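**Q** Okay, here's the structure, questions in a sec.
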Protein chains: 2
Amino acid sequence: MKYIDLTHTFDAEMPVYPGDPIPELVQMADLHKEGYTDYQIKTGMHVGTHMDAPLHMLEGGKWLSDIAVEKFIGKGCLIDARGASVVNANFLNKRPAKKGDILLVMTGFSEKYRQPEYYEKYPEIGEDFAGKAIELGVKIVGIDTPSPDRPPFKVHKLLLGKEILIIENLTNLELLIGVSDLDIFALPAKLHTEAAPVRVIAKALGVSVEDLLK
Amino acid sequence: MKYIDLTHTFDAEMPVYPGDPIPELVQMADLHKEGYTDYQIKTGMHVGTHMDAPLHMLEGGKWLSDIAVEKFIGKGCLIDARGASVVNANFLNKRPAKKGDILLVMTGFSEKYRQPEYYEKYPEIGEDFAGKAIELGVKIVGIDTPSPDRPPFKVHKLLLGKEILIIENLTNLELLIGVSDLDIFALPAKLHTEAAPVRVIAKALGVSVEDLLK
């Protein structure tokens, strides 16, 4: 059994969605002067690894702080979509998810996180994939890109419309390859907002034979 | 089995440690104008339910983002210290914690969260309690007050010096009374800082006979 962190570190140099304000992380108190260290953050909600609640895209949608905590913990289902420009429903036919699962869509784009290409050329999730995820009854769809789609954000609206939460900017999904039994803990900061930074941790309970042979 | 949220909601009216800057939570984008909702937060790290890492009080102490994720998950041990002005080591003699446990110190002060009294009159944890917690090898000490101590923060320094993390401003601990088997998930936002908002969730696996009779 081991734990794997699927979260980018939020530091003073975070990349943002083009046009969004640049976040600030500044030191306000110093051990030698004030006797303690204290930082201050100023940021929009869609920076780094974060979770979207329905209010982000839907009229009357739930605030993140109103989501029942049961939604944040579940079995993980890794979808290996490396190389695909559109992640379509076939990926869910090949890799059946169960009701209540947390889908982790691995595109491999996390390695470009601090390059302009990351926001310009990311692959998308197809509407048919979203439809199938809804049919299966998953709790969360997470992805290692800035977004599952682009304007007019149909995939966002499909998923959030069914209260399926979205996690963007995941990382380290490659470390889950070959793990046969995964628990996922995706706990967002409890902000009264439409989205917030989320800490995502995987607990790898079982590993595949290939993994054991490494 | 049920989940219980031990986290205060971070809204636009957060109480702060006297003298600290007032946090801001403001809406930057609106569904009708921009097609989506986006809030922005500006805050120090010690507001609401948050976790302190060693860097907060110790020279050369670890940043929160460098703490191994194994530290954030463990069995919970509830210490009922309601009515005590100092939580001393006797509470740990009465209620033995095990190595790797997450201690939750319940003073009942959470109900005063938005009153001035909350920051002025909170009970403290004794140095002997901290010493015993270190001896037992707990991972985290959490409390439903603004701080386990006051300047010069000896309890902070004792615990953080052994890399025992501190959670302040917990809530809902009363809902854990009578639960015999508790898993605690305390996942902080992964900020490159000395502390950060943390989401704390309890999974109540077993309940006591009293609880079943309710």
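In the structure tokens, chains take the letters A, B, ... in the order shown, each chain's residues start at 1, and ligands count up from 1 in the order shown.
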Near chain A, meaning an atom within 6 Å, which residues of chain B appear when counting only C-alpha atoms? Write them as a PyMOL selection string.

**A** chain B and resi 9-11+36-37+39-44+56-57+189-192+199

**Q** Which of segment 40-179 of chain A end up as helix (DSSP H, G or I) when DSSP is run on this backbone - answer as a PDB file with C-alpha atoms, in the first residue's frame?

**A**
```
ATOM      1  CA  PRO A  54     -21.961  23.316 -10.604  1.00  0.00           C
ATOM      2  CA  LEU A  55     -22.122  27.089  -9.842  1.00  0.00           C
ATOM      3  CA  HIS A  56     -19.056  27.606 -12.050  1.00  0.00           C
ATOM      4  CA  LEU A  64     -18.573  24.082  -3.686  1.00  0.00           C
ATOM      5  CA  SER A  65     -18.993  24.472   0.086  1.00  0.00           C
ATOM      6  CA  ASP A  66     -22.484  22.918  -0.174  1.00  0.00           C
ATOM      7  CA  VAL A  69     -18.371  15.310   1.515  1.00  0.00           C
ATOM      8  CA  GLU A  70     -19.254  11.763   0.392  1.00  0.00           C
ATOM      9  CA  LYS A  71     -18.591  13.034  -3.155  1.00  0.00           C
ATOM     10  CA  PHE A  72     -14.892  13.531  -2.458  1.00  0.00           C
ATOM     11  CA  ASN A  90     -14.659   4.174 -26.423  1.00  0.00           C
ATOM     12  CA  PHE A  91     -12.214   4.732 -23.574  1.00  0.00           C
ATOM     13  CA  LEU A  92     -15.025   3.943 -21.154  1.00  0.00           C
ATOM     14  CA  ASN A  93     -16.012   0.838 -23.105  1.00  0.00           C
ATOM     15  CA  LYS A  94     -12.457  -0.460 -22.852  1.00  0.00           C
ATOM     16  CA  PHE A 109      -0.259  16.688 -20.741  1.00  0.00           C
ATOM     17  CA  SER A 110       0.792  17.306 -17.145  1.00  0.00           C
ATOM     18  CA  GLU A 111       4.451  17.222 -18.235  1.00  0.00           C
ATOM     19  CA  LYS A 112       3.815  20.437 -20.213  1.00  0.00           C
ATOM     20  CA  PRO A 116       2.509  27.743 -23.201  1.00  0.00           C
ATOM     21  CA  GLU A 117       1.478  24.608 -25.132  1.00  0.00           C
ATOM     22  CA  TYR A 118      -0.270  23.359 -21.992  1.00  0.00           C
ATOM     23  CA  TYR A 119      -3.072  25.908 -22.319  1.00  0.00           C
ATOM     24  CA  GLU A 120      -3.011  26.155 -26.113  1.00  0.00           C
ATOM     25  CA  GLU A 127     -19.524  14.850 -25.212  1.00  0.00           C
ATOM     26  CA  ASP A 128     -20.096  11.114 -25.738  1.00  0.00           C
ATOM     27  CA  PHE A 129     -17.528  10.356 -23.009  1.00  0.00           C
ATOM     28  CA  ALA A 130     -19.356  12.753 -20.670  1.00  0.00           C
ATOM     29  CA  GLY A 131     -22.667  11.090 -21.552  1.00  0.00           C
ATOM     30  CA  LYS A 132     -21.271   7.654 -20.787  1.00  0.00           C
ATOM     31  CA  ALA A 133     -19.726   8.877 -17.487  1.00  0.00           C
ATOM     32  CA  ILE A 134     -23.150  10.224 -16.486  1.00  0.00           C
ATOM     33  CA  GLU A 135     -24.809   6.916 -17.451  1.00  0.00           C
ATOM     34  CA  LEU A 136     -22.291   5.010 -15.325  1.00  0.00           C
ATOM     35  CA  LYS A 154     -20.519  21.671 -23.246  1.00  0.00           C
ATOM     36  CA  VAL A 155     -18.708  18.903 -21.344  1.00  0.00           C
ATOM     37  CA  HIS A 156     -18.450  21.094 -18.235  1.00  0.00           C
ATOM     38  CA  LYS A 157     -22.186  21.777 -18.443  1.00  0.00           C
ATOM     39  CA  LEU A 158     -23.149  18.141 -19.049  1.00  0.00           C
ATOM     40  CA  LEU A 159     -21.160  16.890 -16.060  1.00  0.00           C
ATOM     41  CA  LEU A 160     -21.911  19.736 -13.649  1.00  0.00           C
ATOM     42  CA  GLY A 161     -25.597  19.496 -14.628  1.00  0.00           C
ATOM     43  CA  LEU A 173      -1.322  10.050 -13.058  1.00  0.00           C
ATOM     44  CA  GLU A 174       1.430   8.006 -14.751  1.00  0.00           C
ATOM     45  CA  LEU A 175       2.364   6.671 -11.304  1.00  0.00           C
ATOM     46  CA  LEU A 176      -1.006   4.920 -11.162  1.00  0.00           C
TER      47      LEU A 176
END
```

**Q** Please return, as a list in words, all residues of segment 2-68 of chain B that DSSP assigns to strand (DSSP E or B) on the basis of the backbone.

**A**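 Selection result, strand (DSSP E or B) within segment 2-68 of chain B: Lys2, Tyr3, Ile4, Asp5, Thr7, Phe10, Glu24, Leu25, Val26, Gln27, Met28, Ala29, Asp38, Tyr39, Gln40, Ile41, Lys42, Thr43, Gly44, His50, Met51 and Asp52 of chain B.
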
**Q** Point out the residue among A:Gly126, A:Gly83, A:Gly100, A:Pro18 with the least atom-to-atom distance to Ile140 of chain A, counting only C-alpha atoms.

**A** A:Gly100

**Q** Taking into account only C-alpha atoms, which residue in the set B:Asp52, B:Glu13, B:Glu124, B:Asp101 is nearest to Gly137 of chain B?

**A** B:Asp101
